[in-house]
>>> print(open('my_file_1.cif').read())   # mmCIF, C-alpha atoms and all ligand atoms
data_query
loop_
_atom_site.label_atom_id
_atom_site.label_comp_id
_atom_site.auth_asym_id
_atom_site.auth_seq_id
_atom_site.Cartn_x
_atom_site.Cartn_y
_atom_site.Cartn_z
CA MET A 299 -15.07 -21.06 5.48
CA ASN A 300 -12.93 -19.07 3.13
CA GLN A 301 -13.55 -15.60 4.47
CA GLU A 302 -15.03 -14.83 7.83
CA PHE A 303 -16.77 -11.72 6.59
CA MET A 304 -16.76 -9.25 3.78
CA ASN A 305 -17.89 -5.68 4.18
CA THR A 306 -18.22 -3.05 1.48
CA ILE A 307 -18.23 0.63 2.39
CA HIS A 308 -18.33 2.99 -0.55
CA ASN A 309 -15.81 1.53 -2.99
CA CYS A 310 -13.87 -0.38 -0.34
CA THR A 311 -14.31 -4.09 0.32
CA ILE A 312 -12.78 -5.40 3.53
CA ILE A 313 -12.30 -9.15 3.78
CA HIS A 314 -11.43 -10.77 7.07
CA GLY A 315 -9.37 -13.88 6.33
CA ASP A 316 -6.20 -15.38 4.90
CA CYS A 317 -5.21 -13.93 1.54
CA LEU A 318 -3.91 -17.31 0.37
CA LYS A 319 -7.39 -18.75 0.77
CA TYR A 320 -8.78 -15.82 -1.22
CA PHE A 321 -6.45 -16.64 -4.12
CA SER A 322 -7.19 -20.35 -3.96
CA ASN A 323 -10.87 -19.57 -4.53
CA LYS A 324 -10.33 -18.00 -7.97
CA LYS A 325 -14.00 -17.97 -8.85
CA SER A 326 -14.85 -15.45 -6.16
CA ALA A 327 -11.63 -13.42 -6.48
CA ALA A 328 -12.12 -10.09 -8.25
CA ARG A 329 -10.07 -8.94 -11.24
CA VAL A 330 -7.51 -6.37 -10.07
CA ASP A 331 -5.36 -3.74 -11.79
CA LEU A 332 -2.87 -2.92 -9.04
CA THR A 333 -1.68 -4.71 -5.92
CA PHE A 334 0.31 -3.29 -3.04
CA LEU A 335 2.13 -6.00 -1.13
CA ASP A 336 3.34 -5.07 2.34
CA PRO A 337 3.55 -8.43 4.13
CA PRO A 338 4.91 -9.03 7.61
CA PHE A 339 8.69 -9.12 7.16
CA ASN A 340 9.25 -12.28 9.19
CA GLN A 341 11.43 -10.53 11.73
CA ASP A 342 9.80 -11.81 14.88
CA LYS A 343 7.53 -8.80 15.42
CA GLU A 344 4.48 -9.11 17.59
CA TYR A 345 1.37 -9.79 15.52
CA ASN A 346 -1.91 -11.01 17.01
CA SER A 347 -2.78 -13.59 14.36
CA TRP A 348 0.45 -14.26 12.61
CA ASN A 349 3.70 -16.07 13.38
CA ASP A 350 6.39 -13.60 12.29
CA ASN A 351 9.19 -16.05 12.83
CA LEU A 352 8.67 -18.68 10.15
CA PRO A 353 11.55 -20.73 8.70
CA GLU A 354 12.98 -18.74 5.76
CA ASP A 355 11.96 -21.34 3.17
CA THR A 356 8.38 -21.49 4.42
CA TYR A 357 8.11 -17.71 4.43
CA TRP A 358 9.43 -17.24 0.88
CA GLN A 359 7.33 -20.11 -0.47
CA MET A 360 4.31 -18.35 0.98
CA MET A 361 5.35 -15.06 -0.67
CA LYS A 362 5.75 -16.89 -3.96
CA ASP A 363 2.25 -18.32 -3.60
CA VAL A 364 0.91 -14.84 -2.91
CA CYS A 365 2.68 -13.38 -5.98
CA ALA A 366 1.34 -16.24 -8.12
CA GLY A 367 -2.18 -15.73 -6.77
CA VAL A 368 -2.08 -12.01 -7.47
CA PHE A 369 -0.69 -12.63 -10.98
CA GLU A 370 -3.63 -14.87 -11.91
CA ILE A 371 -6.27 -12.29 -11.03
CA THR A 372 -4.41 -9.26 -12.43
CA SER A 373 -5.47 -7.62 -15.70
CA ASP A 374 -2.96 -7.63 -18.58
CA GLY A 375 -0.38 -4.93 -17.96
CA GLY A 376 -1.57 -4.59 -14.35
CA ALA A 377 1.00 -3.77 -11.66
CA ILE A 378 2.34 -5.07 -8.38
CA TYR A 379 4.41 -3.08 -5.85
CA PHE A 380 6.13 -5.42 -3.41
CA MET A 381 7.66 -3.68 -0.38
CA GLN A 382 10.35 -5.38 1.70
CA ARG A 383 13.51 -4.84 3.71
CA GLU A 384 16.51 -4.02 1.55
CA LYS A 385 18.36 -7.16 2.67
CA ASN A 386 15.64 -9.33 1.10
CA VAL A 387 15.72 -7.77 -2.33
CA LYS A 388 17.15 -10.93 -3.93
CA PHE A 389 14.22 -13.04 -2.68
CA VAL A 390 11.64 -10.45 -3.72
CA LEU A 391 12.96 -10.33 -7.27
CA GLN A 392 13.09 -14.14 -7.42
CA CYS A 393 9.49 -14.42 -6.19
CA LEU A 394 8.27 -12.01 -8.85
CA ASP A 395 10.32 -13.54 -11.64
CA LYS A 396 9.33 -17.13 -10.84
CA THR A 397 5.64 -16.24 -10.82
CA GLY A 398 5.61 -14.52 -14.22
CA TRP A 399 5.93 -10.83 -13.37
CA THR A 400 8.05 -8.49 -15.51
CA PHE A 401 10.43 -6.34 -13.49
CA GLN A 402 10.14 -2.58 -14.05
CA ASN A 403 11.85 -0.73 -11.20
CA LEU A 404 13.39 -1.17 -7.83
CA ILE A 405 12.13 1.87 -5.97
CA ILE A 406 14.22 3.10 -3.08
CA TRP A 407 11.99 4.59 -0.42
CA LYS A 408 14.47 6.63 1.57
CA LYS A 409 12.55 7.23 4.74
CA LYS A 410 12.81 10.70 6.13
CA THR A 411 13.39 9.34 9.61
CA SER A 412 16.91 9.06 11.00
CA ALA A 413 18.81 5.76 10.67
CA VAL A 414 19.58 3.58 13.68
CA PRO A 415 23.40 3.41 13.92
CA CYS A 416 25.02 -0.04 13.52
CA SER A 417 28.40 -0.88 15.04
CA TYR A 418 29.64 -3.17 12.25
CA LYS A 419 27.96 -1.75 9.09
CA PHE A 420 26.24 1.37 7.78
CA GLY A 421 22.95 2.36 9.36
CA LYS A 422 19.90 1.53 7.22
CA GLN A 423 17.69 4.29 5.97
CA TYR A 424 15.64 2.89 3.15
CA GLN A 425 13.20 0.20 2.17
CA VAL A 426 12.84 -1.32 -1.29
CA ILE A 427 9.65 -1.49 -3.33
CA ALA A 428 9.86 -3.73 -6.40
CA PHE A 429 7.52 -2.58 -9.16
CA ALA A 430 6.58 -5.21 -11.75
CA THR A 431 3.87 -5.71 -14.35
CA LYS A 432 1.92 -8.55 -15.91
CA GLY A 433 3.45 -8.46 -19.37
CA LYS A 434 6.19 -6.20 -20.67
CA LYS A 435 4.24 -2.99 -20.84
CA SER A 436 2.28 -1.26 -18.11
CA ARG A 437 -1.43 -1.02 -18.81
CA VAL A 438 -1.38 2.37 -17.06
CA PHE A 439 1.65 4.43 -16.17
CA ASN A 440 1.07 8.05 -15.29
CA ARG A 441 4.22 10.15 -15.43
CA LEU A 442 3.92 12.12 -12.23
CA ARG A 443 5.67 15.43 -11.75
CA ILE A 444 6.64 16.60 -8.30
CA SER A 445 8.23 19.76 -7.02
CA PRO A 446 10.64 19.03 -4.16
CA PRO A 447 12.45 21.94 -2.50
CA LEU A 448 15.52 23.11 -4.40
CA PRO A 449 18.89 21.86 -3.09
CA PRO A 450 20.87 24.72 -1.49
CA ASN A 451 23.35 25.11 -4.38
CA TYR A 452 20.62 25.55 -7.04
CA LYS A 453 20.30 29.04 -8.39
CA TYR A 454 17.00 29.03 -10.29
CA GLU A 455 13.53 27.83 -9.37
CA ARG A 456 12.19 25.02 -11.56
CA GLU A 457 9.45 26.19 -13.87
CA ASN A 458 7.26 23.13 -13.69
CA GLY A 459 8.72 20.58 -11.28
CA LEU A 460 10.37 17.36 -12.39
CA TYR A 461 9.41 13.80 -13.27
CA LEU A 462 9.33 11.37 -10.39
CA THR A 463 12.20 8.84 -10.49
CA ASP A 464 12.81 5.55 -8.67
CA ILE A 465 14.21 7.29 -5.57
CA TRP A 466 11.48 8.47 -3.25
CA ASP A 467 13.01 10.55 -0.50
CA ASP A 468 10.15 12.90 0.27
CA ILE A 469 7.84 10.59 2.23
CA ARG A 470 8.15 10.35 5.96
CA GLU A 471 7.70 7.00 7.68
CA LEU A 472 5.02 7.07 10.41
CA THR A 473 6.52 6.89 13.86
CA ALA A 474 5.17 7.12 17.38
CA GLY A 475 7.35 10.11 18.14
CA TYR A 476 7.26 13.82 17.71
CA PHE A 477 6.83 13.80 13.94
CA ALA A 478 4.03 11.25 13.88
CA GLY A 479 1.25 13.81 13.49
CA ASP A 480 -2.35 12.63 13.56
CA GLU A 481 -2.04 10.06 10.81
CA ALA A 482 -0.60 7.24 12.96
CA ILE A 483 -3.61 5.55 14.58
CA LYS A 484 -3.32 5.36 18.35
CA LYS A 485 -4.96 3.28 21.04
CA GLU A 486 -6.54 4.91 24.07
CA ASN A 487 -3.30 4.47 26.05
CA GLY A 488 -1.41 6.43 23.36
CA GLU A 489 0.39 3.41 21.87
CA ARG A 490 0.25 2.89 18.15
CA PHE A 491 -2.60 0.67 16.99
CA HIS A 492 -0.42 -0.99 14.31
CA LYS A 493 3.33 -0.47 14.19
CA GLN A 494 3.58 -1.18 10.48
CA GLN A 495 1.00 1.38 9.30
CA SER A 496 2.17 2.73 5.93
CA PRO A 497 2.04 6.46 5.23
CA LEU A 498 -0.87 7.54 3.04
CA ALA A 499 1.52 9.56 0.88
CA LEU A 500 3.18 6.33 -0.27
CA LEU A 501 -0.08 4.75 -1.37
CA VAL A 502 -1.30 7.92 -3.04
CA ARG A 503 1.86 7.90 -5.16
CA ILE A 504 1.61 4.22 -6.10
CA ILE A 505 -2.09 4.42 -6.94
CA LEU A 506 -1.68 7.62 -8.95
CA SER A 507 1.24 6.14 -10.92
CA SER A 508 -0.33 2.83 -11.88
CA THR A 509 -4.11 3.21 -12.06
CA LYS A 510 -6.86 5.31 -13.52
CA ILE A 511 -10.18 6.23 -11.96
CA GLY A 512 -12.50 3.21 -11.75
CA ASP A 513 -9.65 0.64 -11.55
CA THR A 514 -9.45 -1.97 -8.78
CA VAL A 515 -6.65 -1.94 -6.22
CA LEU A 516 -5.88 -4.93 -3.99
CA ASP A 517 -4.04 -5.09 -0.67
CA PRO A 518 -3.71 -8.72 0.50
CA PHE A 519 -2.05 -7.66 3.81
CA ALA A 520 -4.26 -4.70 4.55
CA GLY A 521 -3.17 -3.95 8.16
CA THR A 522 -4.84 -0.63 9.02
CA GLY A 523 -6.35 -0.21 5.54
CA THR A 524 -4.11 2.58 4.24
CA THR A 525 -4.46 1.32 0.66
CA LEU A 526 -8.25 1.31 0.89
CA ILE A 527 -8.36 4.78 2.42
CA ALA A 528 -6.23 6.21 -0.40
CA ALA A 529 -7.80 4.27 -3.27
CA GLY A 530 -11.40 4.88 -2.19
CA GLN A 531 -10.93 8.62 -1.98
CA MET A 532 -9.30 8.76 -5.39
CA GLY A 533 -12.18 7.12 -7.20
CA ARG A 534 -10.69 3.60 -7.38
CA LYS A 535 -12.33 0.42 -6.10
CA ALA A 536 -10.32 -1.22 -3.34
CA ILE A 537 -10.14 -4.67 -1.78
CA GLY A 538 -8.25 -5.28 1.46
CA ILE A 539 -7.69 -8.69 3.03
CA GLU A 540 -6.62 -8.87 6.66
CA ILE A 541 -6.20 -11.95 8.84
CA ASP A 542 -6.52 -10.22 12.21
CA SER A 543 -10.02 -9.47 13.42
CA ASP A 544 -9.06 -6.37 15.46
CA ASN A 545 -7.29 -4.90 12.44
CA THR A 546 -10.27 -5.69 10.25
CA LYS A 547 -12.58 -3.83 12.63
CA GLY A 548 -10.03 -1.02 12.73
CA ILE A 549 -10.12 -0.70 8.93
CA GLN A 550 -13.89 -0.57 9.00
CA SER A 551 -14.03 2.26 11.51
CA ARG A 552 -11.19 4.10 9.79
CA ILE A 553 -13.18 4.16 6.55
CA GLU A 554 -16.42 5.04 8.30
CA GLU A 555 -14.90 7.88 10.27
CA MET A 556 -12.61 9.19 7.52
CA SER A 557 -10.66 11.61 9.72
CA GLN A 558 -9.11 14.82 8.48
CA ALA A 559 -5.66 13.22 8.89
CA ASP A 560 -6.75 10.63 6.32
CA ASN A 561 -7.87 13.21 3.77
CA VAL A 562 -5.60 12.60 0.78
CA MET A 563 -6.40 15.99 -0.68
CA ARG A 564 -3.48 17.42 1.31
CA PHE A 565 -1.13 15.71 -1.17
CA TYR A 566 -2.82 17.07 -4.30
CA LYS A 567 -0.63 20.15 -4.63
CA GLU A 568 2.56 18.06 -4.63
CA TYR A 569 1.54 16.65 -8.00
CA GLY A 570 0.32 19.99 -9.37
CA TYR A 571 2.71 19.90 -12.36
CA THR A 572 1.50 16.49 -13.57
CA GLU A 573 0.06 17.01 -17.04
CA ASN A 574 -3.00 14.74 -16.68
CA LEU A 575 -3.62 15.24 -12.94
CA LYS A 576 -7.27 16.22 -13.33
CA GLU A 577 -7.91 13.09 -15.37
CA ILE A 578 -6.33 10.69 -12.86
CA TRP A 579 -7.33 12.23 -9.52
CA SER A 580 -11.02 12.59 -9.01
CA VAL A 581 -11.50 15.48 -6.60
CA ASP A 582 -15.29 15.07 -6.74
CA SER A 583 -15.32 11.47 -5.54
CA MET A 584 -12.92 12.37 -2.72
CA TYR A 585 -15.22 15.14 -1.59
CA ALA A 586 -18.28 12.92 -1.65
CA LEU A 587 -16.51 10.27 0.37
CA THR A 588 -15.15 12.50 3.10
CA HIS A 589 -18.27 14.55 3.56
CA LYS A 590 -20.96 11.89 3.53
CA LYS A 591 -21.32 9.69 6.61
CA ALA A 592 -20.51 6.17 5.44
CA GLN A 593 -23.16 3.52 5.97
CA PRO A 594 -21.62 0.05 6.19
CA ASN A 595 -23.40 -2.60 4.20
CA LEU A 596 -22.58 -5.89 5.89
CA SER A 597 -22.84 -9.08 3.91
CA LEU A 598 -21.46 -12.53 4.62
CA ALA A 599 -19.29 -14.30 2.11
CA LEU A 600 -18.39 -17.98 2.15
C1 LIG A 701 3.10 -5.03 7.44
S1 LIG A 701 1.44 -5.15 7.88
C2 LIG A 701 0.62 -4.18 6.66
C3 LIG A 701 0.45 -2.74 7.06
C4 LIG A 701 -0.35 -1.93 6.07
N1 LIG A 701 0.43 -1.61 4.88
C5 LIG A 701 -0.87 -0.64 6.68
O1 LIG A 701 -0.69 0.44 6.11
O2 LIG A 701 -1.45 -0.72 7.76
C6 LIG A 701 1.01 -6.78 7.42
C7 LIG A 701 -0.40 -7.21 7.80
O3 LIG A 701 -0.69 -8.48 7.19
C8 LIG A 701 -1.55 -9.24 8.04
N2 LIG A 701 -1.44 -10.64 7.61
C9 LIG A 701 -0.46 -11.53 7.90
N3 LIG A 701 -0.68 -12.69 7.25
C10 LIG A 701 -1.80 -12.53 6.51
C11 LIG A 701 -2.51 -13.38 5.60
N4 LIG A 701 -2.08 -14.62 5.34
N5 LIG A 701 -3.61 -12.89 4.99
C12 LIG A 701 -4.04 -11.63 5.26
N6 LIG A 701 -3.41 -10.77 6.13
C13 LIG A 701 -2.29 -11.22 6.73
C14 LIG A 701 -1.02 -8.92 9.44
O4 LIG A 701 -2.01 -9.14 10.43
C15 LIG A 701 -0.63 -7.43 9.30
O5 LIG A 701 -1.67 -6.58 9.74
#
>>> encode(input="my_file_1.cif", output="structure tokens", more="lines below")
Ligand SMILES: C[S@@+](CC[C@H](N)C(=O)[O-])C[C@H]1O[C@@H](n2cnc3c(N)ncnc32)[C@H](O)[C@@H]1O
Amino acid sequence: MNQEFMNTIHNCTIIHGDCLKYFSNKKSAARVDLTFLDPPFNQDKEYNSWNDNLPEDTYWQMMKDVCAGVFEITSDGGAIYFMQREKNVKFVLQCLDKTGWTFQNLIIWKKKTSAVPCSYKFGKQYQVIAFATKGKKSRVFNRLRISPPLPPNYKYERENGLYLTDIWDDIRELTAGYFAGDEAIKKENGERFHKQQSPLALLVRIILSSTKIGDTVLDPFAGTGTTLIAAGQMGRKAIGIEIDSDNTKGIQSRIEEMSQADNVMRFYKEYGYTENLKEIWSVDSMYALTHKKAQPNLSLAL
């Protein structure tokens, strides 16, 4: 069996299975316009259905296969955002290059959390996200404008914000601690449901930059379904593949429940100076999604 089940709620399709098997069955794989790749980083973390301590060669061969699989089903000019630890940047760029992708940017996501001090080198405070496209030119690239607080030595307020660059230092990583807020999903005992849950703000930014309403967004390592939650609310179709059955169930209930903490509308104002914001962010579809009780429509896929 290729996929153990597939479930579509609103615009979001959740597939329980191995993403490599999804790509190997090209006939049933959907055409996608944007992919967010946030794989396990192979650093011996505890995953239920995944060995996070593979030999380096095996791991990077697998990543290459994933990049190649995504490339085949991506529309011309479509985008991939591949997130990894900064020390692996060389391998990430090689994977993308060898599988046909055209490099566009190396985004530095400077997490707002404090760095863990190291005794023999500088503490690490960022993660890299390689942005690449199928072909030289992006099919969609929306020039977002943001309005971060003025640095202390600036005298005058900006009139209309500034264009987003490749340094993203305004998005807080989700943690279990004081700053976690309600967005980090917790178990009954208070522990985090998934330690690698990405912040919604990150996905909102990626989706807004590289898609238009009606496009299809893929997340082959869906985890808690952050990509689906963001894409679905913003009028995009989303496909998430997840190998772990508990995570898959978690994604399903997250979409069904659509909590206030998952409402992406709280980020809308940040992009208020973007010229075509109304065209690329469908407020209506977000409202419909968060205010209607979702009815899952279960169907089995082989
Ligand atoms: C780093 S986490 C992704 C977290 C996600 N960005 C989020 O916001 O929750 C990687 C996920 O990939 C899943 N996974 C690992 N190997 C997989 C595979 N071959 N196919 C599909 N999912 C896989 C793991 O179970 C894990 O939940």
>>> residues_near_point(input="my_file_1.cif", point="(-14.0, 2.3, 1.4)", cutoff="10 Å", atoms="only C-alpha atoms", output="number ranges by chain")
A: 305-312, 523, 525-531, 534-538, 549-550, 552-554, 556, 587, 592, 594
>>> residues_near_ligand(input="my_file_1.cif", ligand="ligand LIG 701 (chain A)", cutoff="9 Å", atoms="all atoms listed in the file", output="ChimeraX atom specification")
/A:313-320,334-339,345-350,360,364,492-498,501,517-525,538-543,545-546,549
>>> residues_around(input="my_file_1.cif", residues="range 560-569 of chain A", least_positions_apart="4", cutoff="9 Å", atoms="all atoms listed in the file", output="list in words")
Leu442, Arg443, Ile444, Ser445, Pro446, Gly459, Asp480, Glu481, Leu498, Ala499, Val502, Thr524, Ile527, Ala528, Gln531, Met532, Arg552, Met556, Leu575, Trp579, Val581, Met584, Tyr585 and Thr588 of chain A
